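Printed here is structure-v8.txt (compact mmCIF, C-alpha atoms and all ligand atoms):
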# COMPACT_ATOMS: atom_id res chain seq x y z
CA MET A 871 -18.51 26.98 14.33
CA THR A 872 -17.42 29.26 11.48
CA ASN A 873 -14.63 31.52 12.61
CA ARG A 874 -11.65 33.46 11.38
CA THR A 875 -7.89 33.39 11.45
CA PHE A 876 -5.20 35.76 10.26
CA THR A 877 -2.23 34.94 8.01
CA MET A 878 0.77 36.61 6.40
CA ILE A 879 2.72 35.24 3.46
CA LYS A 880 6.17 36.37 4.61
CA PRO A 881 8.98 38.12 2.67
CA ASP A 882 10.91 34.87 1.98
CA ALA A 883 7.92 33.25 0.25
CA THR A 884 7.11 36.49 -1.60
CA GLU A 885 10.70 36.78 -2.89
CA LYS A 886 10.65 33.19 -4.18
CA GLY A 887 7.35 33.67 -6.04
CA HIS A 888 5.32 31.34 -3.81
CA THR A 889 2.40 33.70 -3.11
CA GLY A 890 0.11 32.15 -5.74
CA GLY A 891 0.96 28.56 -4.74
CA ILE A 892 0.28 29.29 -1.07
CA LEU A 893 -3.03 31.06 -1.82
CA LYS A 894 -4.09 28.04 -3.92
CA MET A 895 -3.36 25.69 -0.99
CA ILE A 896 -5.40 27.98 1.28
CA ASN A 897 -8.34 27.97 -1.15
CA ASP A 898 -8.13 24.22 -1.77
CA ALA A 899 -8.26 23.60 2.00
CA GLY A 900 -11.64 25.34 2.15
CA PHE A 901 -10.73 28.73 3.59
CA ARG A 902 -12.64 31.78 2.34
CA ILE A 903 -10.54 34.94 1.95
CA VAL A 904 -12.50 37.76 3.63
CA ALA A 905 -9.72 40.40 3.56
CA MET A 906 -6.39 40.57 1.71
CA LYS A 907 -3.63 43.05 0.90
CA MET A 908 0.00 43.11 -0.21
CA THR A 909 2.10 45.55 1.81
CA HIS A 910 5.65 46.23 3.00
CA LEU A 911 5.99 46.55 6.77
CA SER A 912 8.33 49.19 8.20
CA SER A 913 10.59 47.84 10.95
CA GLU A 914 8.48 49.83 13.42
CA LYS A 915 5.25 48.14 12.26
CA ALA A 916 6.88 44.67 12.20
CA GLY A 917 8.12 45.30 15.74
CA GLN A 918 4.63 46.28 16.88
CA PHE A 919 3.05 43.21 15.30
CA TYR A 920 5.52 40.87 17.01
CA ASN A 921 5.69 42.87 20.26
CA VAL A 922 4.71 39.73 22.20
CA HIS A 923 8.14 38.27 21.25
CA LYS A 924 10.09 41.40 22.30
CA GLU A 925 12.11 39.60 24.96
CA ARG A 926 13.01 36.63 22.74
CA PRO A 927 16.60 36.35 21.47
CA PHE A 928 15.38 36.18 17.85
CA TYR A 929 13.24 39.37 18.04
CA SER A 930 15.57 41.75 16.16
CA GLU A 931 16.26 39.11 13.49
CA LEU A 932 12.48 38.57 13.16
CA VAL A 933 11.78 42.31 12.82
CA SER A 934 14.45 42.83 10.17
CA PHE A 935 13.28 39.74 8.24
CA MET A 936 9.62 40.76 8.31
CA SER A 937 10.43 44.28 7.08
CA ARG A 938 12.88 43.34 4.31
CA GLY A 939 10.25 42.98 1.56
CA PRO A 940 6.55 42.75 0.74
CA ILE A 941 4.14 40.44 2.51
CA THR A 942 0.55 39.42 1.80
CA ALA A 943 -1.79 39.76 4.79
CA ALA A 944 -5.19 38.06 4.82
CA ILE A 945 -8.12 37.12 7.04
CA LEU A 946 -9.49 33.64 6.41
CA GLU A 947 -12.87 32.17 7.34
CA LYS A 948 -13.73 28.52 7.86
CA GLU A 949 -15.13 26.21 10.48
CA ASN A 950 -12.47 25.75 13.15
CA ALA A 951 -10.26 28.24 11.26
CA VAL A 952 -7.43 28.79 13.77
CA GLU A 953 -6.73 25.12 14.45
CA ASP A 954 -7.27 23.94 10.88
CA PHE A 955 -5.01 26.65 9.50
CA ARG A 956 -2.21 25.73 11.91
CA LYS A 957 -2.52 22.15 10.67
CA LEU A 958 -2.34 23.36 7.05
CA ILE A 959 0.81 25.43 7.66
CA GLY A 960 2.63 22.84 9.81
CA ALA A 961 5.15 23.27 12.62
CA THR A 962 6.99 26.60 13.11
CA ASN A 963 10.24 24.80 12.29
CA PRO A 964 9.85 23.41 8.73
CA ALA A 965 12.22 20.56 9.63
CA GLN A 966 9.45 19.31 11.94
CA ALA A 967 6.51 20.13 9.62
CA ASP A 968 4.37 17.28 8.27
CA GLU A 969 4.45 16.30 4.60
CA GLY A 970 1.98 18.30 2.52
CA THR A 971 1.98 21.34 4.80
CA ILE A 972 2.75 24.85 3.52
CA ARG A 973 5.93 25.15 5.60
CA LYS A 974 7.17 21.71 4.55
CA LEU A 975 6.77 22.75 0.92
CA TYR A 976 7.83 26.39 1.04
CA ALA A 977 9.75 27.27 4.24
CA ALA A 978 13.53 27.30 4.58
CA SER A 979 14.14 27.63 8.33
CA ILE A 980 12.51 28.31 11.71
CA GLY A 981 13.01 32.05 11.20
CA GLU A 982 12.18 32.26 7.49
CA ASN A 983 9.13 30.04 7.67
CA ALA A 984 7.02 31.33 4.75
CA VAL A 985 3.73 31.98 6.57
CA HIS A 986 2.25 33.18 9.84
CA GLY A 987 -0.95 31.79 11.37
CA SER A 988 -2.73 33.09 14.48
CA ASP A 989 -2.55 30.90 17.58
CA SER A 990 -6.01 31.72 19.06
CA ASP A 991 -9.35 33.28 18.12
CA GLU A 992 -8.48 36.27 20.30
CA ASN A 993 -5.13 36.88 18.59
CA ALA A 994 -6.71 36.31 15.16
CA ALA A 995 -9.05 39.25 15.81
CA ILE A 996 -6.25 41.47 17.15
CA GLU A 997 -3.93 40.62 14.24
CA GLY A 998 -6.66 41.05 11.59
CA ASP A 999 -7.56 44.45 13.04
CA PHE A 1000 -3.85 45.43 12.94
CA PHE A 1001 -3.96 45.31 9.12
CA PHE A 1002 -7.60 45.85 8.13
CA SER A 1003 -10.29 48.37 9.02
CA ARG A 1004 -13.83 47.07 9.56
CA LEU A 1005 -14.71 48.32 6.06
CA GLU A 1006 -12.00 46.07 4.59
CA GLN A 1007 -13.22 42.88 6.36
CA PHE A 1008 -15.96 41.14 4.36
P1 LIG A 1101 5.34 33.03 13.47
O1 LIG A 1101 4.40 31.90 13.49
O2 LIG A 1101 5.07 34.17 12.57
O3 LIG A 1101 5.50 33.59 14.96
C1 LIG A 1101 6.69 34.09 15.49
C2 LIG A 1101 7.84 34.01 14.53
O4 LIG A 1101 9.12 34.12 15.12
C3 LIG A 1101 7.86 32.62 13.90
O5 LIG A 1101 6.77 32.45 13.04
C4 LIG A 1101 9.23 32.64 13.26
O6 LIG A 1101 9.25 33.40 12.04
C5 LIG A 1101 10.03 33.38 14.31
N1 LIG A 1101 10.74 32.44 15.18
C6 LIG A 1101 10.22 31.59 16.08
N2 LIG A 1101 11.19 30.88 16.69
C7 LIG A 1101 12.36 31.32 16.17
C8 LIG A 1101 13.73 30.98 16.41
N3 LIG A 1101 14.06 30.04 17.31
N4 LIG A 1101 14.66 31.63 15.69
C9 LIG A 1101 14.31 32.58 14.79
N5 LIG A 1101 13.02 32.95 14.53
C10 LIG A 1101 12.07 32.32 15.21
Take the structure in the file and give it back as structure tokens.
Amino acid sequence: MTNRTFTMIKPDATEKGHTGGILKMINDAGFRIVAMKMTHLSSEKAGQFYNVHKERPFYSELVSFMSRGPITAAILEKENAVEDFRKLIGATNPAQADEGTIRKLYAASIGENAVHGSDSDENAAIEGDFFFSRLEQF
């Protein structure tokens, strides 16, 4: 079934100039970009996005990292999008990511891990709607 996932290219990857390389990997893997924008999250917005992790010890570090510079947010469409995108990005910790994955190539650490990918269809819809109005989703 064709479905959608949500991604962010995070501030670490943006700072290092990896946005184009990551988008090429996404395209080459067969994902269709149906919404995209570059933006800079305030710490309030980053906190809202990651509210589910509020009780985790790394939450404040995560919020300050995600608001320190621009990100690229996008909605991606493909058959089996959520699962296939998580395979393409690799494990949260780049030290455990498979060869050829985005995080293996571009991520530095478990915190600064280059990209985000939704973990379910339900969260993909919530996260996509966080960034894009219906008029901006194609
Ligand atoms: P992401 O897939 O965007 O979802 C939650 C984020 O929290 C994760 O990527 C990492 O950026 C961050 N994160 C997860 N685990 C840790 C950790 N142990 N220490 C620091 N940051 C983490």
May I ask you to write as a PyMOL selection string all residues lying at most 6 Å from ligand LIG 1101 (chain A), with all atoms listed in the file counted? chain A and resi 928+932+962+980-983+986-987
Contacts of Ser937 in chain A within 8 Å, all atoms listed in the file, excl. fewer than 6 positions in-chain, as a VMD selection string: chain A and resid 881 910 to 913 916
Using the selection just defined, write its residues with C-alpha atoms as a compact mmCIF listing (two decimals), in the coordinates of the input.
# COMPACT_ATOMS: atom_id res chain seq x y z
CA PRO A 881 8.98 38.12 2.67
CA HIS A 910 5.65 46.23 3.00
CA LEU A 911 5.99 46.55 6.77
CA SER A 912 8.33 49.19 8.20
CA SER A 913 10.59 47.84 10.95
CA ALA A 916 6.88 44.67 12.20
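Residues with any atom within 9 Å of Tyr976 in chain A, counting only C-alpha atoms and excluding same-chain neighbours fewer than 6 positions away, are Ala883, His888, Ile892, Pro964, Asn983, Ala984 and Val985 of chain A.
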Which residues are near Glu953 in chain A? Cut-off 10 Å, all atoms listed in the file, ignore same chain within fewer than 5 positions. Put them as a VMD selection string. chain A and resid 875 958 987 to 991
Show me, as a PDB file with C-alpha atoms, in the coordinates of the input, the residues that have an atom within 7 Å of Ile941 in chain A when counting only C-alpha atoms, minus same-chain residues fewer than 6 positions from it.
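This went into around_37.pdb:
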ATOM      1  CA  MET A 878       0.770  36.610   6.400  1.00  0.00           C
ATOM      2  CA  ILE A 879       2.720  35.240   3.460  1.00  0.00           C
ATOM      3  CA  LYS A 880       6.170  36.370   4.610  1.00  0.00           C
ATOM      4  CA  PRO A 881       8.980  38.120   2.670  1.00  0.00           C
ATOM      5  CA  THR A 884       7.110  36.490  -1.600  1.00  0.00           C
ATOM      6  CA  MET A 908       0.000  43.110  -0.210  1.00  0.00           C
ATOM      7  CA  THR A 909       2.100  45.550   1.810  1.00  0.00           C
ATOM      8  CA  HIS A 910       5.650  46.230   3.000  1.00  0.00           C
TER       9      HIS A 910
END
When you count only C-alpha atoms, which of these residues is closest to Lys886 in chain A: A:Ala965, A:Ala943, A:Val922, A:Ala978?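 Checking each candidate against Lys886 in chain A, we get A:Ala978 as the closest.
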Work out how far apart CA of Arg956 in chain A and CA of Ile972 in chain A are and give it in Å to one decimal.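 One can read the CA of Arg956 in chain A to CA of Ile972 in chain A distance as 9.8 Å.
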Please report the interatomic distance between CA of Gln966 in chain A and CA of Lys915 in chain A in Å with one decimal. 29.1 Å
Which residues come within 8 Å of Thr971 in chain A, counting all atoms listed in the file, excluding same-chain residues fewer than 4 positions away, as a count of residues only? 6
